[in-house]
Number of protein chains: 2
Amino acid sequence: MTNIKVIIVGGVAGGASCAARLRRLDGKAEILMVERGPYVSYANCGLPYHVGGTIERESSLLVASEQTFREQFAIDVRTNCEVIGISPKEKTVELKNHVNGEVTTEKYDKLVLSPGAAPIRPPLPGIDLPGIFSVRTVPDARNIREWLDRDLADRSGMNTYTGYQTMTRPQRAVVVGGGFIGLEMVENLIHRGLEVTLVEKLDQVMPPLDPEMAHLVERYMLKHGVQLELNDGVAGFQQSASGSLEVLTSSGKCLPADIVILAIGVRPETALAKKAGLEIGERGGIRVNDQMYTSNPDILAVGDAVEVKDYVTDQWSLIPLAGPANRQGRIAADVICGRDSRYRGTQGTSICQIFEGTIASTGASEKVLRQLGDTDFEKIYIFPNSHAGYYPGAKYLAIKVIFRKSDGKLLGAQVLGEDGVPKRIDSFAMAIQMDCTVYDLEEVELCYAPPFGSAKDPVNFAGMVAANILRGDMPICHWDSVDSGFLLDVRNPAELAVESVPGALNIPLSQLRARLGELPRDREILVMCRTGARSYNATRILLQNGFKARNILGGILARSMLMAK
Amino acid sequence: MTNIKVIIVGGVAGGASCAARLRRLDGKAEILMVERGPYVSYANCGLPYHVGGTIERESSLLVASEQTFREQFAIDVRTNCEVIGISPKEKTVELKNHVNGEVTTEKYDKLVLSPGAAPIRPPLPGIDLPGIFSVRTVPDARNIREWLDRDLADRSGMNTYTGYQTMTRPQRAVVVGGGFIGLEMVENLIHRGLEVTLVEKLDQVMPPLDPEMAHLVERYMLKHGVQLELNDGVAGFQQSASGSLEVLTSSGKCLPADIVILAIGVRPETALAKKAGLEIGERGGIRVNDQMYTSNPDILAVGDAVEVKDYVTDQWSLIPLAGPANRQGRIAADVICGRDSRYRGTQGTSICQIFEGTIASTGASEKVLRQLGDTDFEKIYIFPNSHAGYYPGAKYLAIKVIFRKSDGKLLGAQVLGEDGVPKRIDSFAMAIQMDCTVYDLEEVELCYAPPFGSAKDPVNFAGMVAANILRGDMPICHWDSVDSGFLLDVRNPAELAVESVPGALNIPLSQLRARLGELPRDREILVMCRTGARSYNATRILLQNGFKARNILGGILARSMLMAK
């Protein structure tokens with residue numbers, strides 16, 4: 001134990017974790033935690049659900065109060081208090097009390113920056129019109145709720161019977177940005193009964209997913225009544241004659257809205273760090289080492305404001321997630337207390353609920369690997385049941401797994417579905433953390449009972465499919481490279497009615513051995529079925545009979561993901 | 001590819017997997033799969049749910065038909081056909097066709113035994129009375145359903161209005177044996193509206209769990225109306241005057257029953273292996289090596305009939321589970337085809353649904369380690385929320401984690417709860433498979449969004465608690481060794497009303513720093529709260545202020561698990 005004085009800037013995830021851990025490790029340290037906003041340790045991940053009403057009371061979002069920090073941890077907490085300057089030489093900070101306007105100076109021995117990230121608000125025409133909100137703080141959520149609870153003059157005007165103006169609640173929302181917060185806001189606004197349009201500049205929602213997986217999400221959203229405007233940015237906002245908002249898009253559309261939610265992403269809060277001369281990384285976040293030290297030996301930084309190493313690609317990244325922020329805060333506290341804790345990097349494990357569906361991913365996407373010029377990878381698509389098909393309620397999962405061709409190391413996984421997604425994504429996440437190969441996925445013993453899984457869990461199944469490729473048992477191709485081959489469809493005739501592939505010869509798997517004579521020996525045969533499982537068996541039959549054959553991975557289901565793009 | 005002939009004895013999990021894989025690897029091999037019963041590849045894990053009616057149609061249980069194996073895999077399948085003898089010297093088997101009684105002889109190059117295990121039916125008085133069933137095969141389930149659908153003469157006798165005998169369905173069931181099948185049958189019989197009594201010879205249900213964890217399950221079952229008779233074996237069965245059954249227990253009880261389900265476990269089917277002179281292991285299963293070879297170089301064996309190495313303890317074990325059986329079948333096929341596949345051992349990952357609750361475990365239990373004389377382990381209990389507490393529907397999980405004291409290696413985990421159990425047990429299962437330490441559990445990045453988890457997932461939290469112990473940050477004690485210490489309860493006074501511990505001094509955590517003077521400096525202070533989290537903070541405060549202190553792990557919740565035993 002020491003008598004050092006630690007100042008922590010920011011009292012939410014990373015800062016609060018750091019403060020509590022610090023106190024547990026050092027009973028004597030003087031700890032001052034300052035928070036610009038009115039609350040410490042609040043659950044900003046819960047804000048969309050508070051807007052939607054699933055989390056009814058605002059107070060539920062306040063995880064630990066100032067009082068808790070004071071009483072249980074003997075931490076000096078100051079809310080509505082902003083650090084407006086750092087003097088690294090004197091090791092002091094300037095604090096501004098936003099209640100009374102006072103500015104004071106405090107000395108530190110160690111300074112921990114956990115300022116978070118700010119929602120991006122591009123300087124578009126009309127951006128400051130009333131009714132345009134971000135979703136980052138408890139007051140943000142409160143303002144949105146109040147706005148949604150207002151009585152509006154009904155657009156239809158006067159009630160012809162009563163002669164009074166009819167009143168109504170906001171009905172039309174435009175959400176700008178299709179990432180986590182955007183999707184959660186879409187769900188919650190629909191949950192409140194609004195009509196929702198989602199505007200996204202990219203050609204896909206959910207940037208951590210590869211586009212063909214995101215496409216399944218988009219289809220799902222359309223099915224649930226969301227209006228999607230992809231590939232279209234926002235050019236500005238204006239107020240209509242009736243007083244409601246209009247969102248103008250780059251393509252020239254004008255989307256009426258009673259409320260607009262901006263969820264275009266966040267930007268690390270680095271103003272203070274820059275002023276203090278701390279190194280800023282290539283992605284615009286505060287640069288730290290694996291002990292969370294900035295370029296200054298007495299200043300550490302954690303959370304959404306820092307750049308982290310991507311655990312899989314080893315690239316500097318901005319990955320604003322609560323779990324990593326908490327762990328970084330804990331590590332910073334350890335390091336201040338002289339321990340050799342080190343941050344392993346962030347693998348971007350994330351999950352998002354949208355209606356009954358769940359979207360999850362971990363590790364690297366194909367998109368990211370391609371951007372890095374990495375070609376030493378292969379991908380698979382599988383569509384297994386979430387649990388034993390014979391037990392009611394099984395839903396199919398859509399799983400994409402990416403692994404290294406040269407050594408089988410698992411690089412990333414994306415899982416979508418209405419059942420059993422958390423179980424699978426966490427298995428993959430743990431596997432990536434432990435540098436698992438697809439051969440390990442084949443063997444791992446996961447839980448199975450009919451309501452929960454299958455004797456071969458989808459995670460095992462992914463391992464088996466991937467290992468079959470790497471061992472050379474299953475030559476494959478993907479739909480994006482299906483060109484000159486001879487197409488063989490081994491589904492049953494009844495299935496062709498649902499969707500058929502032009503030019504493909506249909507021989508059901510059960511008849512294949514008997515009808516090999518119908519197939520060309522001089523061409524490569526590309527085999528498909530619904531999911532890629534029967535076509536694997538067919539591919540084996542063809543190979544064993546001297547044909548050249550490849551299995552089209554993911555079958556018709558993978559094709560439909562790509563085709564509809 | 002070869003022209004070898006492989007005979008596979010048993011056409012369910014291990015045998016069927018082996019056959020299909022073999023065909024995929026070798027298009028020319030002659031494969032004969034014989035199954036004593038009427039069906040191949042049926043879902044015996046689904047049988048309790050078919051009895052209960054959740055799985056309505058018997059045909060749902062038939063995963064792949066004989067026809068599928070014939071047509072898609074060109075496998076010669078013979079059901080109702082039993083291998084009654086093996087001549088390892090001649091490399092032949094004797095087959096008996098149970099339909100026409102014919103006995104034939106078939107040559108093999110490689111023989112794979114996958115005969116499974118038979119339900120134990122102890123030779124008790126009355127064991128063969130009608131109405132006493134095992135649950136192992138499709139016909140078993142059919143017989144139980146028919147028995148439950150019978151009209152019985154009402155025990156109340158004549159209907160006084162109509163003068164006719166009133167009729168009723170079976171109402172009272174006794175399930176003998178509290179393992180997986182027993183519990184699943186209890187749930188399913190209650191689901192059908194029966195009154196159920198569970199008789200178990202041991203002092204706990206669910207043998208893979210440690211007794212204090214099983215106790216939570218027992219309490220849960222009692223709450224759901226199950227009558228429990230633990231510590232009591234069955235002495236015999238008899239028919240009452242009214243024609244219904246009576247189960248007589250060792251302690252002298254007489255339990256009335258309209259149906260009895262025997263679920264006392266299974267015994268590996270080794271008769272054939274013994275006759276063929278194959279080595280039988282110390283636990284009574286067929287002894288195999290990690291390539292699934294028996295003591296005969298041309299005979300392999302897989303599934304419930306073989307002994308496997310326990311992945312964690314390295315002991316020979318009988319672990320009849322579907323997942324391992326499937327993997328072993330696949331490995332046997334690989335090995336026959338000359339591949340160097342090896343079985344890693346079984347870690348006993350299992351999961352069981354009981355009402356809204358889920359019971360899961362993986363790896364070694366404390367009980368097993370103690371039986372082996374292993375003392376190099378520590379255990380923790382935690383009771384975290386299944387997901388963020390501020391999001392509706394969070395339920396508390398009861399988690400026990402066992403790890404090696406000397407190096408932190410994860411040895412086992414037991415997870416109970418009504419939400420989020422599969423996600424956690426599979427994380428632990430994957431972790432054990434990858435030889436994870438508790439330090440890895442601290443860092444692993446699992447998925448988090450309010451409906452699914454917490455920024456510190458329970459799995460991270462378990463790692464942190466365990467690592468705090470190993471790093472010396474948190475001296476602990478368990479309730480079973482609380483004796484001479486000074487008991488300090490840091491809960492809030494309102495919580496004491498629910499359950500208080502005699503002789504404990506109550507100082508709420510928030511007042512502890514101010515009231516240190518009330519505590520003795522010459523005695524070790526044992527600190528408790530509800531779950532062990534606040535008492536950890538209190539222990540840190542005491543240690544930092546020069547007191548001797550230990551945290552009672554799991555707090556009042558752990559105490560109630562043990563006390564009520």
# chains A, B, ... in the order shown; residues from 1 in each chain; ligands from 1

call {"tool": "residues_around", "arguments": {"residues": "Leu470 in chain A", "least_positions_apart": "2", "cutoff": "10 Å", "atoms": "only C-alpha atoms", "output": "JSON list (two decimals) with N, CA and C atoms, in the first residue's frame"}}
result
[["chain", "number", "residue", "atom", "x", "y", "z"],
["A", 378, "GLU", "N", -9.67, -19.39, -45.16],
["A", 378, "GLU", "CA", -10.81, -19.99, -45.86],
["A", 378, "GLU", "C", -12.03, -19.73, -45.01],
["A", 403, "PHE", "N", -11.09, -19.30, -40.95],
["A", 403, "PHE", "CA", -9.95, -19.95, -40.31],
["A", 403, "PHE", "C", -8.75, -19.86, -41.24],
["A", 404, "ARG", "N", -7.57, -20.04, -40.66],
["A", 404, "ARG", "CA", -6.35, -19.92, -41.43],
["A", 404, "ARG", "C", -6.14, -21.19, -42.23],
["A", 405, "LYS", "N", -5.84, -21.02, -43.51],
["A", 405, "LYS", "CA", -5.65, -22.18, -44.37],
["A", 405, "LYS", "C", -4.39, -22.95, -43.99],
["A", 406, "SER", "N", -3.34, -22.21, -43.62],
["A", 406, "SER", "CA", -2.05, -22.88, -43.43],
["A", 406, "SER", "C", -2.00, -23.73, -42.17],
["A", 407, "ASP", "N", -2.67, -23.31, -41.10],
["A", 407, "ASP", "CA", -2.56, -24.09, -39.86],
["A", 407, "ASP", "C", -3.89, -24.38, -39.18],
["A", 408, "GLY", "N", -4.98, -23.95, -39.78],
["A", 408, "GLY", "CA", -6.28, -24.28, -39.21],
["A", 408, "GLY", "C", -6.72, -23.41, -38.06],
["A", 438, "VAL", "N", -9.35, -25.40, -35.97],
["A", 438, "VAL", "CA", -10.61, -26.06, -36.34],
["A", 438, "VAL", "C", -10.57, -27.54, -35.93],
["A", 439, "TYR", "N", -9.36, -28.09, -35.80],
["A", 439, "TYR", "CA", -9.25, -29.48, -35.33],
["A", 439, "TYR", "C", -9.69, -29.59, -33.87],
["A", 464, "MET", "N", -15.66, -29.69, -38.08],
["A", 464, "MET", "CA", -15.56, -30.84, -38.99],
["A", 464, "MET", "C", -15.55, -30.41, -40.45],
["A", 465, "VAL", "N", -16.44, -29.47, -40.79],
["A", 465, "VAL", "CA", -16.50, -28.99, -42.18],
["A", 465, "VAL", "C", -15.16, -28.33, -42.54],
["A", 466, "ALA", "N", -14.67, -27.49, -41.65],
["A", 466, "ALA", "CA", -13.42, -26.79, -41.93],
["A", 466, "ALA", "C", -12.26, -27.78, -42.04],
["A", 467, "ALA", "N", -12.22, -28.74, -41.13],
["A", 467, "ALA", "CA", -11.13, -29.72, -41.15],
["A", 467, "ALA", "C", -11.22, -30.61, -42.38],
["A", 468, "ASN", "N", -12.42, -30.91, -42.82],
["A", 468, "ASN", "CA", -12.58, -31.69, -44.06],
["A", 468, "ASN", "C", -11.93, -30.96, -45.24],
["A", 472, "GLY", "N", -8.19, -32.02, -47.14],
["A", 472, "GLY", "CA", -8.31, -32.39, -48.55],
["A", 472, "GLY", "C", -9.44, -33.35, -48.83],
["A", 473, "ASP", "N", -10.28, -33.59, -47.85],
["A", 473, "ASP", "CA", -11.39, -34.52, -48.06],
["A", 473, "ASP", "C", -12.53, -33.89, -48.85],
["A", 474, "MET", "N", -12.55, -32.57, -48.83],
["A", 474, "MET", "CA", -13.69, -31.91, -49.46],
["A", 474, "MET", "C", -13.23, -30.69, -50.26],
["A", 475, "PRO", "N", -12.94, -30.89, -51.55],
["A", 475, "PRO", "CA", -12.66, -29.72, -52.38],
["A", 475, "PRO", "C", -13.94, -28.87, -52.42]]

call {"tool": "residues_around", "arguments": {"residues": "Ala558 in chain B", "least_positions_apart": "6", "cutoff": "9 Å", "atoms": "only C-alpha atoms", "output": "MDAnalysis selection string"}}
result
chainID B and resid 212 381:383 478:479 530:532 552

call {"tool": "atom_distance", "arguments": {"atom1": "CA of Gly338 in chain A", "atom2": "CA of Leu113 in chain A"}}
result
18.2 Å

call {"tool": "residues_around", "arguments": {"residues": "range 238-250 of chain B", "least_positions_apart": "5", "cutoff": "8 Å", "atoms": "only C-alpha atoms", "output": "MDAnalysis selection string"}}
result
chainID B and resid 125:126 129 131 155 174 232:233 255:260

call {"tool": "residues_around", "arguments": {"residues": "range 319-328 of chain B", "least_positions_apart": "3", "cutoff": "6 Å", "atoms": "only C-alpha atoms", "output": "list in words"}}
result
Ala455 of chain A; Ala13, Gly14, Ser17, Val302, Gly303, Asp304 and Ile331 of chain B

call {"tool": "write_last_selection", "arguments": {"atoms": "all heavy atoms", "output": "mmCIF file, in the first residue's frame"}}
result
data_model
loop_
_atom_site.group_PDB
_atom_site.id
_atom_site.type_symbol
_atom_site.label_atom_id
_atom_site.label_comp_id
_atom_site.auth_asym_id
_atom_site.auth_seq_id
_atom_site.Cartn_x
_atom_site.Cartn_y
_atom_site.Cartn_z
ATOM 1 N N ALA A 455 -25.918 -33.811 -30.635
ATOM 2 C CA ALA A 455 -24.757 -34.607 -30.252
ATOM 3 C C ALA A 455 -23.511 -34.056 -30.947
ATOM 4 O O ALA A 455 -22.425 -34.036 -30.374
ATOM 5 C CB ALA A 455 -24.985 -36.070 -30.596
ATOM 6 N N ALA B 13 -25.947 -44.200 -32.114
ATOM 7 C CA ALA B 13 -25.008 -43.065 -32.177
ATOM 8 C C ALA B 13 -23.619 -43.413 -32.732
ATOM 9 O O ALA B 13 -23.251 -43.005 -33.838
ATOM 10 C CB ALA B 13 -24.899 -42.433 -30.789
ATOM 11 N N GLY B 14 -22.844 -44.182 -31.965
ATOM 12 C CA GLY B 14 -21.466 -44.462 -32.367
ATOM 13 C C GLY B 14 -21.375 -45.272 -33.643
ATOM 14 O O GLY B 14 -20.590 -44.957 -34.544
ATOM 15 N N SER B 17 -22.570 -43.171 -36.774
ATOM 16 C CA SER B 17 -21.556 -42.164 -37.132
ATOM 17 C C SER B 17 -20.375 -42.810 -37.822
ATOM 18 O O SER B 17 -19.837 -42.288 -38.793
ATOM 19 C CB SER B 17 -21.007 -41.461 -35.878
ATOM 20 O OG SER B 17 -21.961 -40.630 -35.337
ATOM 21 N N VAL B 302 -16.647 -48.520 -29.694
ATOM 22 C CA VAL B 302 -16.984 -47.109 -29.440
ATOM 23 C C VAL B 302 -18.281 -47.017 -28.635
ATOM 24 O O VAL B 302 -19.026 -47.987 -28.524
ATOM 25 C CB VAL B 302 -17.190 -46.338 -30.767
ATOM 26 C CG1 VAL B 302 -15.946 -46.386 -31.640
ATOM 27 C CG2 VAL B 302 -18.399 -46.873 -31.546
ATOM 28 N N GLY B 303 -18.513 -45.860 -28.078
ATOM 29 C CA GLY B 303 -19.810 -45.551 -27.462
ATOM 30 C C GLY B 303 -19.938 -45.987 -26.014
ATOM 31 O O GLY B 303 -18.944 -46.164 -25.306
ATOM 32 N N ASP B 304 -21.170 -46.173 -25.585
ATOM 33 C CA ASP B 304 -21.451 -46.422 -24.174
ATOM 34 C C ASP B 304 -20.833 -47.715 -23.650
ATOM 35 O O ASP B 304 -20.748 -47.911 -22.436
ATOM 36 C CB ASP B 304 -22.973 -46.488 -23.946
ATOM 37 C CG ASP B 304 -23.654 -45.147 -24.186
ATOM 38 O OD1 ASP B 304 -22.954 -44.160 -24.468
ATOM 39 O OD2 ASP B 304 -24.888 -45.089 -24.079
ATOM 40 N N ILE B 331 -13.916 -41.307 -35.167
ATOM 41 C CA ILE B 331 -12.487 -41.598 -35.032
ATOM 42 C C ILE B 331 -12.196 -43.043 -35.449
ATOM 43 O O ILE B 331 -11.217 -43.321 -36.150
ATOM 44 C CB ILE B 331 -12.017 -41.305 -33.586
ATOM 45 C CG1 ILE B 331 -11.987 -39.781 -33.383
ATOM 46 C CG2 ILE B 331 -10.662 -41.946 -33.292
ATOM 47 C CD1 ILE B 331 -11.795 -39.330 -31.961
#

call {"tool": "residues_around", "arguments": {"residues": "Glu518 in chain A", "least_positions_apart": "5", "cutoff": "10 Å", "atoms": "only C-alpha atoms", "output": "MDAnalysis selection string"}}
result
chainID A and resid 505 507 512

call {"tool": "residues_around", "arguments": {"residues": "range 285-288 of chain B", "least_positions_apart": "3", "cutoff": "7 Å", "atoms": "only C-alpha atoms", "output": "list of chain:residue names"}}
result
B:Pro268, B:Thr270, B:Glu279, B:Ile280, B:Gly281, B:Met292, B:Tyr293, B:Thr294, B:Ser295, B:Ala301, B:Ala305, B:Val306, B:Glu307, B:Leu318

call {"tool": "write_last_selection", "arguments": {"atoms": "C-alpha atoms", "output": "CSV table (one decimal), in the first residue's frame"}}
result
chain,number,residue,atom,x,y,z
B,268,PRO,CA,-22.0,-51.4,-20.8
B,270,THR,CA,-19.9,-56.3,-22.9
B,279,GLU,CA,-9.9,-57.0,-22.6
B,280,ILE,CA,-12.4,-55.5,-20.2
B,281,GLY,CA,-11.4,-52.5,-18.2
B,292,MET,CA,-10.6,-46.9,-30.3
B,293,TYR,CA,-8.8,-50.2,-30.8
B,294,THR,CA,-9.7,-53.0,-28.4
B,295,SER,CA,-7.1,-55.6,-27.3
B,301,ALA,CA,-15.2,-50.4,-30.1
B,305,ALA,CA,-19.9,-49.9,-24.1
B,306,VAL,CA,-16.3,-48.7,-23.8
B,307,GLU,CA,-14.3,-47.2,-21.0
B,318,LEU,CA,-17.8,-45.0,-18.0

call {"tool": "select_by_dssp", "arguments": {"residues": "range 33-230 of chain A", "states": "alpha helix (DSSP H)", "output": "ChimeraX atom specification"}}
result
/A:47-52,66-73,138-149,180-191,211-223

call {"tool": "closest_residue", "arguments": {"among": "B:Ile541, B:Val77, B:Val112, B:Val196", "to": "chain A", "atoms": "only C-alpha atoms"}}
result
B:Ile541

call {"tool": "closest_residue", "arguments": {"among": "A:Asp151, A:Glu366, A:Asp435, A:Glu229", "to": "chain B", "atoms": "only C-alpha atoms"}}
result
A:Asp435

call {"tool": "closest_residue", "arguments": {"among": "A:Val308, A:Ile55, A:Ala398, A:Cys337", "to": "chain B", "atoms": "only C-alpha atoms"}}
result
A:Ile55

call {"tool": "select_by_dssp", "arguments": {"residues": "range 40-164 of chain A", "states": "strand (DSSP E or B)", "output": "ChimeraX atom specification"}}
result
/A:42,62,76-78,81-87,92-97,103-107,110-113,117-119,132-133,152-158

call {"tool": "closest_residue", "arguments": {"among": "B:Lys5, B:Arg24, B:Arg57, B:Arg330", "to": "chain A", "atoms": "only C-alpha atoms"}}
result
B:Arg24

call {"tool": "closest_residue", "arguments": {"among": "A:Gly116, A:Pro207, A:Gly412, A:Pro422", "to": "chain B", "atoms": "only C-alpha atoms"}}
result
A:Pro422

call {"tool": "atom_distance", "arguments": {"atom1": "CA of Lys367 in chain B", "atom2": "CA of Glu282 in chain B"}}
result
19.7 Å

call {"tool": "closest_residue", "arguments": {"among": "B:Gln414, B:Ser560, B:Asn231, B:Ser365", "to": "chain A", "atoms": "only C-alpha atoms"}}
result
B:Gln414
